[in-house]
file final.pdb (PDB, C-alpha atoms)
ATOM      1  CA  MET A  19       7.930  -7.310 -16.050
ATOM      2  CA  ARG A  20       5.613  -5.223 -13.887
ATOM      3  CA  ILE A  21       5.189  -6.701 -10.403
ATOM      4  CA  ALA A  22       2.730  -5.476  -7.778
ATOM      5  CA  ILE A  23       3.558  -5.895  -4.108
ATOM      6  CA  ALA A  24       0.255  -6.051  -2.284
ATOM      7  CA  GLY A  25      -0.674  -6.777   1.289
ATOM      8  CA  ASN A  26      -2.959  -5.575   4.012
ATOM      9  CA  ILE A  27      -1.926  -3.010   6.585
ATOM     10  CA  ALA A  28       1.061  -3.966   8.796
ATOM     11  CA  ALA A  29       1.793  -7.156   6.820
ATOM     12  CA  GLY A  30       5.312  -6.069   5.858
ATOM     13  CA  LYS A  31       5.086  -4.513   2.384
ATOM     14  CA  SER A  32       7.495  -1.726   3.337
ATOM     15  CA  THR A  33      10.031  -4.255   4.588
ATOM     16  CA  VAL A  34       9.806  -6.251   1.354
ATOM     17  CA  GLN A  35      10.089  -3.000  -0.587
ATOM     18  CA  LYS A  36      13.290  -2.094   1.306
ATOM     19  CA  ILE A  37      14.776  -5.544   0.667
ATOM     20  CA  LEU A  38      14.099  -5.159  -3.066
ATOM     21  CA  GLN A  39      15.548  -1.645  -3.144
ATOM     22  CA  ASP A  40      18.645  -2.817  -1.253
ATOM     23  CA  LEU A  41      19.071  -5.468  -3.958
ATOM     24  CA  GLY A  42      19.017  -2.722  -6.619
ATOM     25  CA  TYR A  43      15.438  -2.975  -7.879
ATOM     26  CA  LYS A  44      13.286   0.064  -8.553
ATOM     27  CA  VAL A  45      10.133   0.185  -6.428
ATOM     28  CA  LEU A  46       7.365   2.767  -6.550
ATOM     29  CA  ASP A  47       5.612   3.243  -3.207
ATOM     30  CA  THR A  48       1.985   4.194  -3.878
ATOM     31  CA  ASP A  49       1.525   5.187  -0.226
ATOM     32  CA  VAL A  50       4.048   7.976  -0.884
ATOM     33  CA  CYS A  51       2.133   8.880  -4.067
ATOM     34  CA  GLY A  52      -1.060   9.121  -2.010
ATOM     35  CA  HIS A  53       0.615  11.258   0.655
ATOM     36  CA  ASN A  54       2.005  13.577  -2.037
ATOM     37  CA  ALA A  55      -1.448  13.856  -3.612
ATOM     38  CA  LEU A  56      -2.742  15.382  -0.362
ATOM     39  CA  LYS A  57      -0.484  18.392  -1.059
ATOM     40  CA  LEU A  58      -2.103  19.099  -4.442
ATOM     41  CA  GLU A  59      -4.454  22.069  -4.644
ATOM     42  CA  CYS A  60      -7.138  20.001  -6.407
ATOM     43  CA  VAL A  61      -7.243  17.659  -3.409
ATOM     44  CA  LYS A  62      -6.999  20.390  -0.765
ATOM     45  CA  ALA A  63      -9.943  22.217  -2.356
ATOM     46  CA  GLU A  64     -12.211  19.195  -1.848
ATOM     47  CA  PHE A  65     -11.500  19.047   1.907
ATOM     48  CA  VAL A  66     -11.504  22.744   2.774
ATOM     49  CA  ASP A  67     -14.715  22.366   4.835
ATOM     50  CA  TYR A  68     -13.490  19.396   6.902
ATOM     51  CA  ASP A  69     -11.552  19.420  10.174
ATOM     52  CA  VAL A  70      -8.461  17.804   8.649
ATOM     53  CA  TRP A  71      -6.087  20.754   8.628
ATOM     54  CA  ASN A  72      -2.820  21.384  10.400
ATOM     55  CA  GLY A  73      -1.017  24.603   9.518
ATOM     56  CA  GLY A  74      -2.409  24.908   5.985
ATOM     57  CA  GLU A  75      -1.732  21.271   5.107
ATOM     58  CA  ILE A  76      -4.003  18.244   5.316
ATOM     59  CA  SER A  77      -3.127  16.203   8.395
ATOM     60  CA  ARG A  78      -2.932  12.533   7.424
ATOM     61  CA  ASN A  79      -3.887  11.507  10.963
ATOM     62  CA  LYS A  80      -6.991  13.713  11.028
ATOM     63  CA  LEU A  81      -7.949  12.703   7.502
ATOM     64  CA  GLY A  82      -7.407   9.019   8.331
ATOM     65  CA  LYS A  83      -9.713   9.173  11.337
ATOM     66  CA  LEU A  84     -12.336  11.058   9.311
ATOM     67  CA  VAL A  85     -12.399   8.668   6.341
ATOM     68  CA  PHE A  86     -12.366   5.489   8.398
ATOM     69  CA  GLU A  87     -15.376   6.713  10.357
ATOM     70  CA  ASN A  88     -17.226   8.131   7.342
ATOM     71  CA  PRO A  89     -17.627   5.900   4.249
ATOM     72  CA  ALA A  90     -18.940   8.751   2.059
ATOM     73  CA  VAL A  91     -15.872  10.897   2.734
ATOM     74  CA  LYS A  92     -13.624   7.852   2.227
ATOM     75  CA  LYS A  93     -15.218   7.288  -1.191
ATOM     76  CA  LYS A  94     -14.771  10.975  -2.043
ATOM     77  CA  LEU A  95     -11.063  10.816  -1.173
ATOM     78  CA  GLU A  96     -10.565   7.598  -3.153
ATOM     79  CA  ASN A  97     -12.295   9.065  -6.222
ATOM     80  CA  ILE A  98      -9.792  11.927  -6.198
ATOM     81  CA  VAL A  99      -6.565  10.188  -5.133
ATOM     82  CA  HIS A 100      -6.758   6.790  -6.887
ATOM     83  CA  PRO A 101      -6.659   8.256 -10.438
ATOM     84  CA  ILE A 102      -3.621  10.338  -9.390
ATOM     85  CA  ILE A 103      -1.899   7.186  -8.097
ATOM     86  CA  LYS A 104      -2.722   5.355 -11.334
ATOM     87  CA  GLU A 105      -1.085   8.202 -13.287
ATOM     88  CA  ASN A 106       1.990   7.979 -11.038
ATOM     89  CA  ILE A 107       2.263   4.237 -11.728
ATOM     90  CA  LEU A 108       2.033   4.752 -15.499
ATOM     91  CA  GLU A 109       4.712   7.489 -15.319
ATOM     92  CA  PHE A 110       6.961   5.160 -13.286
ATOM     93  CA  PHE A 111       6.587   2.431 -15.922
ATOM     94  CA  THR A 112       7.360   4.885 -18.734
ATOM     95  CA  GLN A 113      10.374   6.452 -16.999
ATOM     96  CA  ASN A 114      11.868   3.030 -16.199
ATOM     97  CA  ARG A 115      10.943   1.067 -19.319
ATOM     98  CA  SER A 116      14.571  -0.051 -19.790
ATOM     99  CA  GLU A 117      14.445  -2.069 -16.523
ATOM    100  CA  ASN A 118      13.728  -5.811 -16.739
ATOM    101  CA  ILE A 119      11.619  -5.890 -13.573
ATOM    102  CA  LEU A 120       9.750  -3.040 -11.906
ATOM    103  CA  PHE A 121       7.978  -3.295  -8.566
ATOM    104  CA  VAL A 122       5.067  -1.215  -7.317
ATOM    105  CA  ALA A 123       4.052  -1.392  -3.661
ATOM    106  CA  ILE A 124       0.290  -1.031  -3.916
ATOM    107  CA  PRO A 125      -1.620  -2.115  -0.800
ATOM    108  CA  LEU A 126      -5.083  -1.597  -2.272
ATOM    109  CA  ILE A 127      -4.545  -3.194  -5.684
ATOM    110  CA  PHE A 128      -7.730  -5.264  -5.509
ATOM    111  CA  GLU A 129      -9.855  -2.563  -3.868
ATOM    112  CA  THR A 130      -8.822  -0.096  -6.599
ATOM    113  CA  LYS A 131      -9.256  -2.677  -9.399
ATOM    114  CA  MET A 132      -5.720  -1.995 -10.728
ATOM    115  CA  GLU A 133      -4.717  -5.663 -11.145
ATOM    116  CA  ASP A 134      -4.661  -5.400 -14.947
ATOM    117  CA  MET A 135      -1.767  -2.921 -14.791
ATOM    118  CA  PHE A 136       0.590  -5.703 -13.656
ATOM    119  CA  ASP A 137       2.068  -8.918 -15.015
ATOM    120  CA  LYS A 138       2.255 -10.572 -11.588
ATOM    121  CA  ILE A 139       0.963  -9.847  -8.089
ATOM    122  CA  VAL A 140       2.902 -10.736  -4.952
ATOM    123  CA  PHE A 141       0.838 -10.727  -1.762
ATOM    124  CA  ILE A 142       2.552 -10.217   1.600
ATOM    125  CA  PHE A 143       0.661 -12.133   4.277
ATOM    126  CA  ALA A 144       0.927 -11.908   8.061
ATOM    127  CA  ASP A 145      -1.421 -13.346  10.679
ATOM    128  CA  ASP A 146      -4.145 -10.926  11.755
ATOM    129  CA  GLU A 147      -3.111 -10.978  15.440
ATOM    130  CA  LEU A 148       0.477 -10.127  14.495
ATOM    131  CA  ARG A 149      -0.677  -7.329  12.185
ATOM    132  CA  LEU A 150      -2.802  -5.898  15.001
ATOM    133  CA  LYS A 151       0.193  -5.879  17.384
ATOM    134  CA  ARG A 152       2.434  -4.299  14.730
ATOM    135  CA  LEU A 153      -0.106  -1.617  13.918
ATOM    136  CA  ILE A 154      -0.652  -0.664  17.561
ATOM    137  CA  ALA A 155       3.116  -0.526  18.168
ATOM    138  CA  ARG A 156       4.011   1.232  14.903
ATOM    139  CA  ASN A 157       1.259   3.850  14.771
ATOM    140  CA  ASN A 158       0.371   4.155  18.465
ATOM    141  CA  TYR A 159      -3.281   3.382  17.656
ATOM    142  CA  ASP A 160      -5.661   2.146  20.312
ATOM    143  CA  GLU A 161      -6.888  -1.402  19.732
ATOM    144  CA  ASN A 162     -10.359  -0.407  18.469
ATOM    145  CA  TYR A 163      -9.003   2.035  15.877
ATOM    146  CA  ALA A 164      -6.349  -0.473  14.775
ATOM    147  CA  LYS A 165      -9.058  -3.109  14.276
ATOM    148  CA  LEU A 166     -11.150  -0.591  12.314
ATOM    149  CA  ARG A 167      -8.188   0.031   9.979
ATOM    150  CA  ILE A 168      -7.537  -3.697   9.578
ATOM    151  CA  ASN A 169     -11.199  -4.488   8.907
ATOM    152  CA  SER A 170     -11.507  -1.737   6.286
ATOM    153  CA  GLN A 171      -9.560  -3.861   3.781
ATOM    154  CA  LEU A 172     -10.619  -6.961   1.887
ATOM    155  CA  ASN A 173      -9.943 -10.286   3.585
ATOM    156  CA  GLN A 174      -6.351 -11.516   3.247
ATOM    157  CA  LYS A 175      -7.374 -15.038   2.239
ATOM    158  CA  ASP A 176      -9.383 -13.690  -0.706
ATOM    159  CA  LYS A 177      -6.442 -11.554  -1.798
ATOM    160  CA  MET A 178      -4.060 -14.501  -1.541
ATOM    161  CA  GLN A 179      -6.236 -16.448  -3.984
ATOM    162  CA  MET A 180      -6.166 -13.536  -6.446
ATOM    163  CA  SER A 181      -2.351 -13.239  -6.266
ATOM    164  CA  ASP A 182       0.332 -15.063  -8.239
ATOM    165  CA  TYR A 183       2.761 -15.399  -5.321
ATOM    166  CA  VAL A 184       2.413 -15.217  -1.540
ATOM    167  CA  ILE A 185       5.161 -14.314   0.916
ATOM    168  CA  THR A 186       4.400 -15.079   4.562
ATOM    169  CA  ASN A 187       5.834 -12.550   7.004
ATOM    170  CA  ASN A 188       5.213 -14.085  10.431
ATOM    171  CA  ASP A 189       8.852 -14.784  11.303
ATOM    172  CA  SER A 190      12.272 -13.145  11.277
ATOM    173  CA  ILE A 191      13.661 -10.636   8.804
ATOM    174  CA  GLU A 192      16.141 -13.349   7.755
ATOM    175  CA  LYS A 193      13.302 -15.683   6.720
ATOM    176  CA  LEU A 194      11.603 -12.799   4.888
ATOM    177  CA  ASN A 195      14.855 -12.064   3.027
ATOM    178  CA  LEU A 196      15.089 -15.704   1.938
ATOM    179  CA  GLN A 197      11.515 -15.668   0.644
ATOM    180  CA  VAL A 198      12.119 -12.458  -1.331
ATOM    181  CA  LYS A 199      15.285 -13.911  -2.884
ATOM    182  CA  SER A 200      13.411 -17.116  -3.734
ATOM    183  CA  LEU A 201      10.696 -15.027  -5.394
ATOM    184  CA  LEU A 202      13.317 -13.158  -7.435
ATOM    185  CA  ASP A 203      14.770 -16.490  -8.584
ATOM    186  CA  ARG A 204      11.328 -17.540  -9.830
ATOM    187  CA  LEU A 205      10.700 -14.204 -11.550
ATOM    188  CA  THR A 206      14.046 -14.165 -13.338
TER     189      THR A 206
END
call {"tool": "encode", "arguments": {"input": "final.pdb", "output": "structure tokens"}}
result
Amino acid sequence: MRIAIAGNIAAGKSTVQKILQDLGYKVLDTDVCGHNALKLECVKAEFVDYDVWNGGEISRNKLGKLVFENPAVKKKLENIVHPIIKENILEFFTQNRSENILFVAIPLIFETKMEDMFDKIVFIFADDELRLKRLIARNNYDENYAKLRINSQLNQKDKMQMSDYVITNNDSIEKLNLQVKSLLDRLT
């Protein structure tokens, strides 16, 4: 069974991913795939003329600010990186085909139209105000930039309706653990 873990920024996907990994499940983190793609020469070549560099490597912070302020550059990046991520997902499925359940943390599943790659989609939900506080604390963003990042993704309520399961992450890690274990009971 191929399960997607989706959720908007600062909702708690990484925490759910860690819980699953601690329980022995294999989880592919597509954020890591995207970060690794920025090191590829084919990607670097497309951004050679932009102020996104730090010591010969693409700075994720500089690139993030550029793409979230420039929709054309954001589209350019997505057109290069999303097919690479899709390849990484397919490789993960192939390499782990003997596993009963595989998880892929994929925040932009609906934006990238990759829903059909999965048997089930789990959406991690957290209230917008809480996500804003988490994002400011975690990434040291100012409030305006944090809101820009939050508003760049599809609405959470729409994504919840397109998902098979929803985990709400507004409370303690203990409550989140219980919800993940309950989900695993339903899946198995």
call {"tool": "resolve_selection", "arguments": {"input": "final.pdb", "expression": "the PyMOL selection byres ((chain A and resi 60-73) around 12)", "output": "compact mmCIF listing (two decimals) with C-alpha atoms, in the frame of the given file"}}
result
# COMPACT_ATOMS: atom_id res chain seq x y z
CA GLY A 52 -1.06 9.12 -2.01
CA HIS A 53 0.62 11.26 0.66
CA ASN A 54 2.00 13.58 -2.04
CA ALA A 55 -1.45 13.86 -3.61
CA LEU A 56 -2.74 15.38 -0.36
CA LYS A 57 -0.48 18.39 -1.06
CA LEU A 58 -2.10 19.10 -4.44
CA GLU A 59 -4.45 22.07 -4.64
CA GLY A 74 -2.41 24.91 5.98
CA GLU A 75 -1.73 21.27 5.11
CA ILE A 76 -4.00 18.24 5.32
CA SER A 77 -3.13 16.20 8.40
CA ARG A 78 -2.93 12.53 7.42
CA ASN A 79 -3.89 11.51 10.96
CA LYS A 80 -6.99 13.71 11.03
CA LEU A 81 -7.95 12.70 7.50
CA GLY A 82 -7.41 9.02 8.33
CA LYS A 83 -9.71 9.17 11.34
CA LEU A 84 -12.34 11.06 9.31
CA VAL A 85 -12.40 8.67 6.34
CA ASN A 88 -17.23 8.13 7.34
CA VAL A 91 -15.87 10.90 2.73
CA LYS A 92 -13.62 7.85 2.23
CA LYS A 94 -14.77 10.98 -2.04
CA LEU A 95 -11.06 10.82 -1.17
CA GLU A 96 -10.56 7.60 -3.15
CA ASN A 97 -12.30 9.06 -6.22
CA ILE A 98 -9.79 11.93 -6.20
CA VAL A 99 -6.56 10.19 -5.13
CA HIS A 100 -6.76 6.79 -6.89
CA PRO A 101 -6.66 8.26 -10.44
CA ILE A 102 -3.62 10.34 -9.39
call {"tool": "closest_residue", "arguments": {"input": "final.pdb", "among": "A:Glu192, A:Glu109, A:Glu129, A:Asp182", "to": "Phe141 (chain A)", "atoms": "only C-alpha atoms"}}
result
A:Asp182
call {"tool": "resolve_selection", "arguments": {"input": "final.pdb", "expression": "the PyMOL selection byres ((chain A and resi 117-128) around 7)", "output": "PDB file with C-alpha atoms, in the frame of the given file"}}
result
ATOM      1  CA  MET A  19       7.930  -7.310 -16.050  1.00  0.00           C
ATOM      2  CA  ARG A  20       5.613  -5.223 -13.887  1.00  0.00           C
ATOM      3  CA  ILE A  21       5.189  -6.701 -10.403  1.00  0.00           C
ATOM      4  CA  ALA A  22       2.730  -5.476  -7.778  1.00  0.00           C
ATOM      5  CA  ILE A  23       3.558  -5.895  -4.108  1.00  0.00           C
ATOM      6  CA  ALA A  24       0.255  -6.051  -2.284  1.00  0.00           C
ATOM      7  CA  GLY A  25      -0.674  -6.777   1.289  1.00  0.00           C
ATOM      8  CA  ASN A  26      -2.959  -5.575   4.012  1.00  0.00           C
ATOM      9  CA  LYS A  31       5.086  -4.513   2.384  1.00  0.00           C
ATOM     10  CA  GLN A  35      10.089  -3.000  -0.587  1.00  0.00           C
ATOM     11  CA  TYR A  43      15.438  -2.975  -7.879  1.00  0.00           C
ATOM     12  CA  LYS A  44      13.286   0.064  -8.553  1.00  0.00           C
ATOM     13  CA  VAL A  45      10.133   0.185  -6.428  1.00  0.00           C
ATOM     14  CA  LEU A  46       7.365   2.767  -6.550  1.00  0.00           C
ATOM     15  CA  ASP A  47       5.612   3.243  -3.207  1.00  0.00           C
ATOM     16  CA  THR A  48       1.985   4.194  -3.878  1.00  0.00           C
ATOM     17  CA  ASN A 114      11.868   3.030 -16.199  1.00  0.00           C
ATOM     18  CA  ARG A 115      10.943   1.067 -19.319  1.00  0.00           C
ATOM     19  CA  SER A 116      14.571  -0.051 -19.790  1.00  0.00           C
ATOM     20  CA  GLU A 129      -9.855  -2.563  -3.868  1.00  0.00           C
ATOM     21  CA  THR A 130      -8.822  -0.096  -6.599  1.00  0.00           C
ATOM     22  CA  LYS A 131      -9.256  -2.677  -9.399  1.00  0.00           C
ATOM     23  CA  MET A 132      -5.720  -1.995 -10.728  1.00  0.00           C
ATOM     24  CA  GLU A 133      -4.717  -5.663 -11.145  1.00  0.00           C
TER      25      GLU A 133
END
call {"tool": "atom_distance", "arguments": {"input": "final.pdb", "atom1": "CA of Ser181 (chain A)", "atom2": "CA of Ile139 (chain A)"}}
result
5.1 Å
call {"tool": "closest_residue", "arguments": {"input": "final.pdb", "among": "A:Ala164, A:Leu150, A:Ala155, A:Leu108", "to": "Phe136 (chain A)", "atoms": "all atoms listed in the file"}}
result
A:Leu108
call {"tool": "residues_around", "arguments": {"input": "final.pdb", "residues": "region 198-205 of chain A", "least_positions_apart": "6", "cutoff": "8 Å", "atoms": "all atoms listed in the file", "output": "NGL selection string"}}
result
:A and (34 or 37-38 or 183 or 185)
call {"tool": "axis_aligned_box", "arguments": {"input": "final.pdb", "around": "region 149-161 of chain A", "padding_each_side": "5 Å", "output": "JSON"}}
result
{"center_x": -1.4, "center_y": -1.6, "center_z": 16.2, "size_x": 20.9, "size_y": 21.5, "size_z": 18.1}
call {"tool": "atom_distance", "arguments": {"input": "final.pdb", "atom1": "CA of Leu148 (chain A)", "atom2": "CA of Ser190 (chain A)"}}
result
12.6 Å
call {"tool": "atom_distance", "arguments": {"input": "final.pdb", "atom1": "CA of Pro89 (chain A)", "atom2": "CA of Gly30 (chain A)"}}
result
25.9 Å
call {"tool": "residues_around", "arguments": {"input": "final.pdb", "residues": "Lys151 (chain A)", "least_positions_apart": "4", "cutoff": "9 Å", "atoms": "all atoms listed in the file", "output": "ChimeraX atom specification"}}
result
/A:28,146-147,155-156,161,164
call {"tool": "closest_residue", "arguments": {"input": "final.pdb", "among": "A:Phe86, A:Asn195, A:Thr206, A:Arg167", "to": "Leu41 (chain A)", "atoms": "all atoms listed in the file"}}
result
A:Asn195
call {"tool": "closest_residue", "arguments": {"input": "final.pdb", "among": "A:Lys193, A:Lys93, A:Lys175, A:Lys104", "to": "Asp145 (chain A)", "atoms": "all atoms listed in the file"}}
result
A:Lys175
call {"tool": "decode", "arguments": {"input": "final.pdb", "residues": "region 143-179 of chain A", "atoms": "C-alpha atoms", "output": "PDB file, in the first residue's frame"}}
result
ATOM      1  CA  PHE A 143      -4.166  19.542   9.489  1.00  0.00           C
ATOM      2  CA  ALA A 144      -3.309  22.315  11.942  1.00  0.00           C
ATOM      3  CA  ASP A 145      -5.119  25.607  12.505  1.00  0.00           C
ATOM      4  CA  ASP A 146      -3.760  28.458  10.392  1.00  0.00           C
ATOM      5  CA  GLU A 147      -2.885  30.638  13.414  1.00  0.00           C
ATOM      6  CA  LEU A 148      -0.906  27.779  14.964  1.00  0.00           C
ATOM      7  CA  ARG A 149       0.892  27.094  11.679  1.00  0.00           C
ATOM      8  CA  LEU A 150       1.821  30.777  11.434  1.00  0.00           C
ATOM      9  CA  LYS A 151       3.303  30.740  14.963  1.00  0.00           C
ATOM     10  CA  ARG A 152       5.199  27.506  14.251  1.00  0.00           C
ATOM     11  CA  LEU A 153       6.592  28.823  10.991  1.00  0.00           C
ATOM     12  CA  ILE A 154       7.793  32.092  12.524  1.00  0.00           C
ATOM     13  CA  ALA A 155       9.411  30.220  15.433  1.00  0.00           C
ATOM     14  CA  ARG A 156      10.881  27.382  13.351  1.00  0.00           C
ATOM     15  CA  ASN A 157      12.235  29.347  10.393  1.00  0.00           C
ATOM     16  CA  ASN A 158      12.723  32.783  11.969  1.00  0.00           C
ATOM     17  CA  TYR A 159      10.535  34.343   9.253  1.00  0.00           C
ATOM     18  CA  ASP A 160       8.903  37.711   9.741  1.00  0.00           C
ATOM     19  CA  GLU A 161       5.110  37.565   9.879  1.00  0.00           C
ATOM     20  CA  ASN A 162       4.544  38.895   6.338  1.00  0.00           C
ATOM     21  CA  TYR A 163       6.909  36.376   4.731  1.00  0.00           C
ATOM     22  CA  ALA A 164       5.439  33.538   6.812  1.00  0.00           C
ATOM     23  CA  LYS A 165       1.942  34.501   5.640  1.00  0.00           C
ATOM     24  CA  LEU A 166       3.184  34.632   2.034  1.00  0.00           C
ATOM     25  CA  ARG A 167       4.517  31.066   2.377  1.00  0.00           C
ATOM     26  CA  ILE A 168       1.285  29.859   3.982  1.00  0.00           C
ATOM     27  CA  ASN A 169      -0.902  31.528   1.352  1.00  0.00           C
ATOM     28  CA  SER A 170       1.122  30.068  -1.530  1.00  0.00           C
ATOM     29  CA  GLN A 171      -0.464  26.644  -0.951  1.00  0.00           C
ATOM     30  CA  LEU A 172      -3.976  25.441  -1.685  1.00  0.00           C
ATOM     31  CA  ASN A 173      -6.524  25.886   1.091  1.00  0.00           C
ATOM     32  CA  GLN A 174      -6.362  23.217   3.808  1.00  0.00           C
ATOM     33  CA  LYS A 175     -10.118  22.617   3.809  1.00  0.00           C
ATOM     34  CA  ASP A 176     -10.061  21.786   0.090  1.00  0.00           C
ATOM     35  CA  LYS A 177      -7.167  19.389   0.620  1.00  0.00           C
ATOM     36  CA  MET A 178      -8.943  17.708   3.526  1.00  0.00           C
ATOM     37  CA  GLN A 179     -11.894  16.933   1.250  1.00  0.00           C
TER      38      GLN A 179
END
